[in-house]
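S.K.: My questions all concern the structure below.
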Amino acid sequence: MTQQTPNPAHIEYVTRIGDNALILGQRMSEWCGHAPVLEEDMALANMSLDLIGQARMLLTRAGQLEGKGRDEDQLAFLRTEMHYRNLTLCELPNADFGRTMVRNFLFASFQVLLWERLLASSDTELAAIAAKSLKEARYHAQHAGDWVVRLGDGTAESHERTQAALDYLWPYTAEFFAANPTDEAIAAAGIGPAWSELEAAWEAAVVPVLNEATLTVPARTPFKSYGKFGRHSEHLGHLLSEMQYLQRTYPGAQW
Amino acid sequence: MYTQALDIPQQSADKGPRVVENPAYQVEFDTKIDAGGYIEAKDWMPEAYRKTLIRQISQHAHSEIVGMLPEGNWITRAPTLKRKAILLAKVQDEGGHGLYLYAAAETLGVSRDELLEALHTGKAKYSSIFNYPTLTWADIGVIGWLVDGAAIMNQIPLCKCSYGPYARAMVRICKEESFHQRQGYDLLLQMMKGTEEQREMVQDAVNRWWWPSIMMFGPHDKDSVHSGQSARWGIKRISNDDLRQKFVDATVEQAKVLGVTMPDPELKWNAERGHHDFGAIDWDEFWNVVNGHGQGNVDRLAARVKAWDDGAWVREAALEHERKRAAREHQAA
Ligand SMILES: [Fe+2]
Ligand SMILES: [Fe+2]
Ligand SMILES: [Fe+2]
């Protein structure tokens, strides 16, 4: 493969998508052994595995594009908060099973739309990753959506918890569709869609499920989060401290 | 898995199909067992056989799910993404083993909820190996190598045990366990090729896990309470001491390749016996851990109980949603 001049927007874009998968995969792996039923332990581990698999392909791709010889592990374990580009939503603590499922539903529904569009990316490697990941995201959205309906339209307690989870998470979804010059360059180069193009489709995918779950869709507020631009919540630092512990403690060791 | 070949007496729930003790059926059952045939869920079986199986299979199932905790302790700290994925997949497999085994136990007329209740109240046991802590990343490799390794030795004979559903579950499980063992060993090989600190971690983990691993085969044959009857029923085909010897012989060679030493000065080849001799096992420690006084007993059980209690609202919601849905369907019809 001929090495072209790295396009910073392209690297940034692939890093963002990869970081989303890595950070949410890490969060989901925290459930392992602690889920409400054994079947959900298995399902959450499975989805975490899918996301970590996506992250590995995407960070490897980002490293190739960057051309500085950084592999998936150097990118995962040796970057600090300000160099992470995931959506803030992905780094928020799991809290209870309800919040975990609402988050998975909101995020996976977004990922489905993104992967669908990336099938036609001018970056053929990214398109290949999208083809593989789309099936996984569809399953994640289905699985989490089923739970959102059960929990929202379940008992009084489960309804209350699920509505609280939605109220907490919803403001962070505005970040899905926020754009900066990177995104304009990406859309112009045919690498990926402009985020604004996904917003209506995303709402059309999630709102009917939230309605079926008898949940009230919160109104948009002035709240903004900026994880994908490198300004995170306080939660990411703790997640990285834990995740990066061995690589930081034993620099250069092979595992 | 992780059976420890220790069939610990416990109160078992007196539920399930009523079994009429019938001499004619008994003869048929004995004949089938003696011919090496399988007993299936619908077949007549003696009540004591059924109870023993429920106890053994459920202890095994509980061991699989409690066993998710010590290894789960390192998933979020795995040193590379590949190792994280391998460990997640492994722990997920253990959950799957729990599922197959609960399903096998359910064929004997108990429910998974009843079995979990017995675990949560401390009535049912699980393999005490999981009451030891996982202190470094090397523990993940050593558990795969020694603990899954010992489990395989214990379980391979169960693939031919007399109860069909259990035997079939064990065939699937054993395949996955040997994969776990190879992955654990591979993790250790990589660490032993690394830095002085990494090698020190591996040796330290071997020092801590060696004795507990060989205790997994259970008490010496002369002290084993249930072995005679279980052998008669084809639920236990090879004795604890024979399995333990087989494990020690196989493992010593693997340790040499790895470059670690076992914490047993008496461990050496005995040409006359054609086996390795090894030092005396500290059975006081074993029984202390079995009886609830190991480092992790309280925390492990508390973690399982917490997961179950925290999930109660989720399980209730799922049931309530199903009721509502069925009611709506009924109304529409
Ligand atoms: Fe096992
Ligand atoms: Fe297992
Ligand atoms: Fe295993």
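Every chain in the structure tokens has a letter given in the order shown (A, B, ...), and although residue numbers restart at 1 in each chain, ligands are simply numbered from 1 in the order shown.
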List as an mmCIF file with N, CA, C and O atoms, in the first residue's frame the protein and nucleic acid residues lying within 6 Å of ligand 3, with only C-alpha atoms and all ligand atoms counted.
M.R.:
data_model
loop_
_atom_site.group_PDB
_atom_site.id
_atom_site.type_symbol
_atom_site.label_atom_id
_atom_site.label_comp_id
_atom_site.auth_asym_id
_atom_site.auth_seq_id
_atom_site.Cartn_x
_atom_site.Cartn_y
_atom_site.Cartn_z
ATOM 1 N N MET B 1 -15.473 -25.697 34.158
ATOM 2 C CA MET B 1 -15.920 -26.249 35.391
ATOM 3 C C MET B 1 -14.928 -26.068 36.326
ATOM 4 O O MET B 1 -13.849 -25.751 36.025
ATOM 5 N N GLU B 94 -17.452 -19.694 30.654
ATOM 6 C CA GLU B 94 -17.752 -20.260 31.980
ATOM 7 C C GLU B 94 -19.231 -20.027 32.315
ATOM 8 O O GLU B 94 -19.898 -20.905 32.862
ATOM 9 N N ASP B 148 -8.055 -24.645 35.198
ATOM 10 C CA ASP B 148 -8.794 -25.288 34.102
ATOM 11 C C ASP B 148 -8.176 -26.653 33.798
ATOM 12 O O ASP B 148 -8.885 -27.603 33.463
ATOM 13 N N GLU B 177 -12.867 -26.165 27.929
ATOM 14 C CA GLU B 177 -11.885 -26.062 29.015
ATOM 15 C C GLU B 177 -10.473 -26.305 28.502
ATOM 16 O O GLU B 177 -9.518 -25.678 28.961
ATOM 17 N N HIS B 180 -9.238 -23.204 27.084
ATOM 18 C CA HIS B 180 -8.858 -22.261 28.149
ATOM 19 C C HIS B 180 -7.474 -22.580 28.697
ATOM 20 O O HIS B 180 -6.690 -21.693 29.003
#
S.K.: Mind dumping a table of every chain A residue within 9 Å of chain B, with the nearest atom pair and its distance in Å to one decimal, using only C-alpha atoms, sorted by chain and rising number, as a tab-separated table?
M.R.:
residue	atom	partner	partner_atom	distance
A:Gln26	CA	B:Thr76	CA	6.5
A:Arg27	CA	B:Thr76	CA	8.3
A:Ser29	CA	B:Thr76	CA	6.8
A:Glu30	CA	B:Thr76	CA	6.6
A:Trp31	CA	B:Gly72	CA	8.9
A:Cys32	CA	B:Gly72	CA	6.3
A:Gly33	CA	B:Met68	CA	5.7
A:His34	CA	B:Ala307	CA	4.7
A:Ala35	CA	B:Ala307	CA	5.9
A:Pro36	CA	B:Gly311	CA	3.9
A:Val37	CA	B:Gly311	CA	7.3
A:Leu38	CA	B:Gly95	CA	6.7
A:Glu39	CA	B:Leu99	CA	8.0
A:Asp41	CA	B:Gly95	CA	7.3
A:Met42	CA	B:Gln92	CA	5.6
A:Ala43	CA	B:Gln92	CA	8.7
A:Ala45	CA	B:Gln92	CA	6.1
A:Asn46	CA	B:Gln92	CA	7.4
A:Ser48	CA	B:Leu88	CA	8.1
A:Leu49	CA	B:Ala85	CA	6.0
A:Ile52	CA	B:Ala85	CA	6.9
A:Gly53	CA	B:Ala85	CA	7.6
A:Ala55	CA	B:Leu81	CA	8.7
A:Arg56	CA	B:Leu81	CA	7.0
A:Glu72	CA	B:Leu81	CA	7.6
A:Asp73	CA	B:Thr80	CA	5.9
A:Ala76	CA	B:Leu81	CA	7.9
A:Phe77	CA	B:Thr80	CA	7.8
A:Asp96	CA	B:Asp310	CA	8.2
A:Phe97	CA	B:Val314	CA	7.6
A:Gly98	CA	B:Val314	CA	7.9
A:Trp147	CA	B:Ala318	CA	8.2
A:Val149	CA	B:His321	CA	8.3
A:Arg150	CA	B:His321	CA	5.4
A:Leu151	CA	B:Ala317	CA	5.6
A:Gly152	CA	B:Ala317	CA	8.4
A:Asp153	CA	B:His321	CA	6.0
A:Gly154	CA	B:Ala317	CA	4.3
A:Thr155	CA	B:Ala317	CA	5.1
A:Ala156	CA	B:Ala317	CA	8.6
A:Glu157	CA	B:Trp313	CA	7.3
A:Ser158	CA	B:Ala317	CA	6.0
A:His159	CA	B:Ala317	CA	8.5
A:Leu239	CA	B:Thr76	CA	8.7
A:Glu242	CA	B:Arg77	CA	5.8
A:Met243	CA	B:Arg77	CA	4.7
A:Gln244	CA	B:Arg77	CA	6.8
A:Tyr245	CA	B:Arg77	CA	6.4
A:Leu246	CA	B:Pro79	CA	5.5
A:Gln247	CA	B:Pro79	CA	6.0
A:Tyr250	CA	B:Glu197	CA	8.5
A:Ala253	CA	B:Gly194	CA	6.6
A:Gln254	CA	B:Gly194	CA	6.3
A:Trp255	CA	B:Gln190	CA	6.1
S.K.: For ligand 1, list the contacting residues at 8 Å or closer, counting only C-alpha atoms and all ligand atoms, as a CSV table (one decimal) with all heavy atoms, in the first residue's frame.
M.R.:
chain,number,residue,atom,x,y,z
B,1,MET,N,-15.5,-25.7,34.2
B,1,MET,CA,-15.9,-26.2,35.4
B,1,MET,C,-14.9,-26.1,36.3
B,1,MET,O,-13.8,-25.8,36.0
B,1,MET,CB,-15.9,-27.7,35.4
B,1,MET,CG,-15.1,-28.3,36.5
B,1,MET,SD,-15.9,-29.0,37.6
B,1,MET,CE,-15.1,-29.6,38.8
B,2,TYR,N,-15.4,-26.6,37.2
B,2,TYR,CA,-14.4,-26.7,38.2
B,2,TYR,C,-15.0,-27.6,39.3
B,2,TYR,O,-15.3,-27.1,40.3
B,2,TYR,CB,-14.1,-25.3,38.7
B,2,TYR,CG,-13.6,-24.5,37.6
B,2,TYR,CD1,-14.4,-23.5,37.0
B,2,TYR,CD2,-12.3,-24.6,37.1
B,2,TYR,CE1,-14.0,-22.7,36.0
B,2,TYR,CE2,-11.9,-23.8,36.1
B,2,TYR,CZ,-12.7,-22.9,35.6
B,2,TYR,OH,-12.3,-22.1,34.6
B,3,THR,N,-15.3,-28.8,39.0
B,3,THR,CA,-15.6,-29.7,40.1
B,3,THR,C,-14.4,-29.9,40.9
B,3,THR,O,-13.3,-29.9,40.4
B,3,THR,CB,-16.0,-31.1,39.6
B,3,THR,OG1,-15.1,-31.5,38.6
B,3,THR,CG2,-17.4,-31.2,39.2
B,60,HIS,N,-21.4,-28.1,40.5
B,60,HIS,CA,-20.5,-27.8,39.4
B,60,HIS,C,-21.0,-26.5,38.7
B,60,HIS,O,-20.2,-25.6,38.3
B,60,HIS,CB,-20.6,-29.0,38.4
B,60,HIS,CG,-19.6,-28.9,37.3
B,60,HIS,ND1,-19.4,-30.0,36.5
B,60,HIS,CD2,-18.9,-27.9,36.8
B,60,HIS,CE1,-18.5,-29.6,35.5
B,60,HIS,NE2,-18.2,-28.4,35.7
B,61,ALA,N,-22.3,-26.4,38.5
B,61,ALA,CA,-22.9,-25.2,37.9
B,61,ALA,C,-22.5,-23.9,38.7
B,61,ALA,O,-22.1,-22.9,38.2
B,61,ALA,CB,-24.4,-25.3,37.7
B,63,SER,N,-20.1,-23.5,40.6
B,63,SER,CA,-18.6,-23.3,40.5
B,63,SER,C,-18.3,-22.5,39.3
B,63,SER,O,-17.5,-21.6,39.2
B,63,SER,CB,-17.9,-24.6,40.5
B,63,SER,OG,-18.1,-25.4,41.6
B,64,GLU,N,-19.0,-22.8,38.2
B,64,GLU,CA,-18.8,-22.1,36.9
B,64,GLU,C,-19.1,-20.6,37.1
B,64,GLU,O,-18.4,-19.8,36.6
B,64,GLU,CB,-19.7,-22.7,35.8
B,64,GLU,CG,-19.4,-24.2,35.5
B,64,GLU,CD,-18.1,-24.4,34.7
B,64,GLU,OE1,-17.4,-23.4,34.3
B,64,GLU,OE2,-17.8,-25.6,34.5
B,94,GLU,N,-17.5,-19.7,30.7
B,94,GLU,CA,-17.8,-20.3,32.0
B,94,GLU,C,-19.2,-20.0,32.3
B,94,GLU,O,-19.9,-20.9,32.9
B,94,GLU,CB,-16.9,-19.7,33.1
B,94,GLU,CG,-15.3,-19.7,32.8
B,94,GLU,CD,-14.8,-21.1,32.6
B,94,GLU,OE1,-15.5,-22.1,32.6
B,94,GLU,OE2,-13.5,-21.2,32.5
B,97,HIS,N,-21.1,-22.6,30.5
B,97,HIS,CA,-21.0,-23.9,31.2
B,97,HIS,C,-22.0,-23.9,32.3
B,97,HIS,O,-22.7,-24.9,32.5
B,97,HIS,CB,-19.6,-24.1,31.8
B,97,HIS,CG,-18.5,-24.1,30.7
B,97,HIS,ND1,-17.2,-24.1,31.1
B,97,HIS,CD2,-18.6,-24.2,29.4
B,97,HIS,CE1,-16.5,-24.1,29.9
B,97,HIS,NE2,-17.3,-24.2,28.9
B,148,ASP,N,-8.1,-24.6,35.2
B,148,ASP,CA,-8.8,-25.3,34.1
B,148,ASP,C,-8.2,-26.7,33.8
B,148,ASP,O,-8.9,-27.6,33.5
B,148,ASP,CB,-8.8,-24.4,32.8
B,148,ASP,CG,-9.8,-23.2,33.0
B,148,ASP,OD1,-9.3,-22.2,33.6
B,148,ASP,OD2,-10.9,-23.3,32.5
B,151,ALA,N,-9.4,-29.0,36.3
B,151,ALA,CA,-10.8,-29.3,36.0
B,151,ALA,C,-11.0,-30.3,34.9
B,151,ALA,O,-11.9,-31.2,34.9
B,151,ALA,CB,-11.5,-27.9,35.7
B,152,ILE,N,-10.2,-30.1,33.8
B,152,ILE,CA,-10.3,-31.0,32.7
B,152,ILE,C,-10.1,-32.5,33.1
B,152,ILE,O,-10.8,-33.4,32.8
B,152,ILE,CB,-9.3,-30.7,31.6
B,152,ILE,CG1,-9.6,-29.3,31.0
B,152,ILE,CG2,-9.3,-31.7,30.5
B,152,ILE,CD1,-8.5,-28.7,30.2
B,155,GLN,N,-12.9,-33.8,34.8
B,155,GLN,CA,-14.2,-33.8,34.0
B,155,GLN,C,-14.2,-34.7,32.9
B,155,GLN,O,-15.3,-35.1,32.4
B,155,GLN,CB,-14.5,-32.4,33.6
B,155,GLN,CG,-14.9,-31.5,34.7
B,155,GLN,CD,-15.1,-30.0,34.3
B,155,GLN,OE1,-15.3,-29.2,35.2
B,155,GLN,NE2,-14.9,-29.7,33.1
B,173,ILE,N,-18.4,-28.9,27.4
B,173,ILE,CA,-17.6,-28.2,28.4
B,173,ILE,C,-16.1,-28.5,28.3
B,173,ILE,O,-15.3,-27.6,28.3
B,173,ILE,CB,-18.2,-28.4,29.8
B,173,ILE,CG1,-19.5,-27.7,29.9
B,173,ILE,CG2,-17.2,-27.8,30.8
B,173,ILE,CD1,-20.3,-27.9,31.2
B,174,CYS,N,-15.8,-29.8,28.2
B,174,CYS,CA,-14.4,-30.2,28.2
B,174,CYS,C,-13.7,-29.7,27.0
B,174,CYS,O,-12.5,-29.3,27.1
B,174,CYS,CB,-14.3,-31.7,28.2
B,174,CYS,SG,-14.6,-32.4,29.9
B,177,GLU,N,-12.9,-26.2,27.9
B,177,GLU,CA,-11.9,-26.1,29.0
B,177,GLU,C,-10.5,-26.3,28.5
B,177,GLU,O,-9.5,-25.7,29.0
B,177,GLU,CB,-12.2,-27.0,30.2
B,177,GLU,CG,-13.6,-26.9,30.8
B,177,GLU,CD,-13.8,-25.6,31.6
B,177,GLU,OE1,-13.0,-24.7,31.5
B,177,GLU,OE2,-14.8,-25.5,32.2
S.K.: Using only C-alpha atoms, which residues sit within 10 Å of range 294-298 of chain B once same-chain residues fewer than 4 positions away are excluded, as a compact mmCIF listing (two decimals) with N, CA and C atoms, in the first residue's frame?
M.R.:
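Result saved to part_38.txt:
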# COMPACT_ATOMS: atom_id res chain seq x y z
N PRO B 70 -13.34 -14.37 40.11
CA PRO B 70 -11.90 -14.11 40.22
C PRO B 70 -11.26 -13.69 38.90
N SER B 128 -14.00 -24.72 46.02
CA SER B 128 -13.38 -23.73 46.90
C SER B 128 -12.15 -23.07 46.27
N ILE B 129 -11.71 -23.56 45.12
CA ILE B 129 -10.59 -22.91 44.44
C ILE B 129 -10.89 -21.43 44.18
N PHE B 130 -12.18 -21.12 43.99
CA PHE B 130 -12.53 -19.74 43.64
C PHE B 130 -12.59 -18.80 44.83
N ASN B 131 -12.26 -19.34 46.00
CA ASN B 131 -12.16 -18.47 47.16
C ASN B 131 -10.77 -17.88 47.33
N TYR B 132 -9.88 -18.25 46.41
CA TYR B 132 -8.54 -17.64 46.45
C TYR B 132 -8.56 -16.38 45.58
N PRO B 133 -7.78 -15.37 46.00
CA PRO B 133 -7.80 -14.09 45.26
C PRO B 133 -6.92 -14.12 44.00
N THR B 134 -7.29 -13.32 43.02
CA THR B 134 -6.44 -13.13 41.83
C THR B 134 -5.68 -11.81 42.01
N GLU B 285 -5.93 -26.63 55.62
CA GLU B 285 -6.24 -25.45 54.81
C GLU B 285 -7.43 -25.76 53.89
N PHE B 286 -7.38 -26.93 53.27
CA PHE B 286 -8.47 -27.29 52.36
C PHE B 286 -9.82 -27.22 53.05
N TRP B 287 -9.91 -27.89 54.21
CA TRP B 287 -11.21 -27.92 54.89
C TRP B 287 -11.61 -26.56 55.42
N ASN B 288 -10.60 -25.76 55.83
CA ASN B 288 -10.94 -24.39 56.26
C ASN B 288 -11.61 -23.62 55.14
N VAL B 289 -11.06 -23.73 53.94
CA VAL B 289 -11.64 -22.98 52.82
C VAL B 289 -13.01 -23.56 52.45
N VAL B 290 -13.08 -24.90 52.42
CA VAL B 290 -14.37 -25.53 52.11
C VAL B 290 -15.43 -25.08 53.12
N ALA B 302 -21.03 -12.89 48.62
CA ALA B 302 -21.70 -11.58 48.69
C ALA B 302 -21.85 -10.97 47.30
N ALA B 303 -20.84 -11.16 46.44
CA ALA B 303 -20.92 -10.60 45.09
C ALA B 303 -22.05 -11.27 44.30
S.K.: So which one's closest to ligand 2, B:Ala105, B:Ala169, B:Ala138, B:Ala41? Using only C-alpha atoms and all ligand atoms, please.
M.R.: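 So, comparing all the options, the nearest one is B:Ala169.
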S.K.: According to DSSP computed on the backbone, where in range 25-156 of chain B is there alpha helix (DSSP H)? Give the residues as number ranges by chain.
M.R.: B: 25-34, 47-66, 68-72, 81-106, 112-120, 138-142, 149-155
S.K.: Can you tell me, as a PyMOL selection string, what residues are no more than 12 Å from range 260-266 of chain B when counting only C-alpha atoms, ignoring any on the same chain fewer than 4 positions away?
M.R.: chain B and resi 142+146+185+188-189+191-193+199-214+248+251-256+270+276-282
S.K.: When you look at Asp50 in chain A with a cut-off of 8 Å (counting only C-alpha atoms), what residues show up, excluding the ones that are within fewer than 4 positions of it in the same chain? I need them as a compact mmCIF listing (two decimals) with all heavy atoms, in the first residue's frame.
M.R.:
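This went into result_37.txt:
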# COMPACT_ATOMS: atom_id res chain seq x y z
N GLY A 25 -17.19 -0.71 25.15
CA GLY A 25 -16.85 -2.12 25.36
C GLY A 25 -16.24 -2.33 26.74
O GLY A 25 -16.55 -3.31 27.44
N ASN A 46 -20.85 -10.75 25.44
CA ASN A 46 -20.83 -10.90 23.99
C ASN A 46 -20.78 -9.55 23.28
O ASN A 46 -20.00 -9.34 22.35
CB ASN A 46 -22.09 -11.67 23.58
CG ASN A 46 -21.98 -12.25 22.21
OD1 ASN A 46 -20.93 -12.78 21.86
ND2 ASN A 46 -23.02 -12.12 21.43
N GLN A 54 -14.46 -4.42 17.28
CA GLN A 54 -14.57 -3.25 16.39
C GLN A 54 -13.46 -2.26 16.70
O GLN A 54 -12.81 -1.72 15.79
CB GLN A 54 -15.93 -2.56 16.57
CG GLN A 54 -17.13 -3.40 16.11
CD GLN A 54 -18.47 -2.76 16.48
OE1 GLN A 54 -18.54 -1.60 16.87
NE2 GLN A 54 -19.54 -3.54 16.39
N SER A 133 -19.38 -4.87 11.16
CA SER A 133 -19.90 -4.36 12.43
C SER A 133 -21.41 -4.09 12.39
O SER A 133 -22.05 -4.04 13.44
CB SER A 133 -19.17 -3.06 12.79
OG SER A 133 -17.78 -3.27 12.78
N GLU A 136 -23.54 -6.69 14.02
CA GLU A 136 -23.40 -6.67 15.48
C GLU A 136 -24.23 -5.53 16.06
O GLU A 136 -24.97 -5.72 17.03
CB GLU A 136 -21.92 -6.50 15.85
CG GLU A 136 -21.08 -7.70 15.41
CD GLU A 136 -19.58 -7.49 15.55
OE1 GLU A 136 -19.12 -6.33 15.75
OE2 GLU A 136 -18.84 -8.48 15.43
S.K.: Between B:Asp223, B:Glu114, B:Asp30, B:Glu176, which one has atoms that come closest to ligand 2, using only C-alpha atoms and all ligand atoms?
M.R.: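 When distances to ligand 2 are compared using only C-alpha atoms and all ligand atoms, the smallest one comes from B:Glu176.
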S.K.: At what distance in Å, to one decimal, does CA of Ile17 in chain A lie from CA of Lys228 in chain A?
M.R.: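 These two atoms are separated by 9.1 Å.
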S.K.: Between CA of Pro157 in chain B and CA of Tyr38 in chain B, what is the distance in Å, rounded to a tenth?
M.R.: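 For CA of Pro157 in chain B relative to CA of Tyr38 in chain B, the distance reads 14.0 Å.
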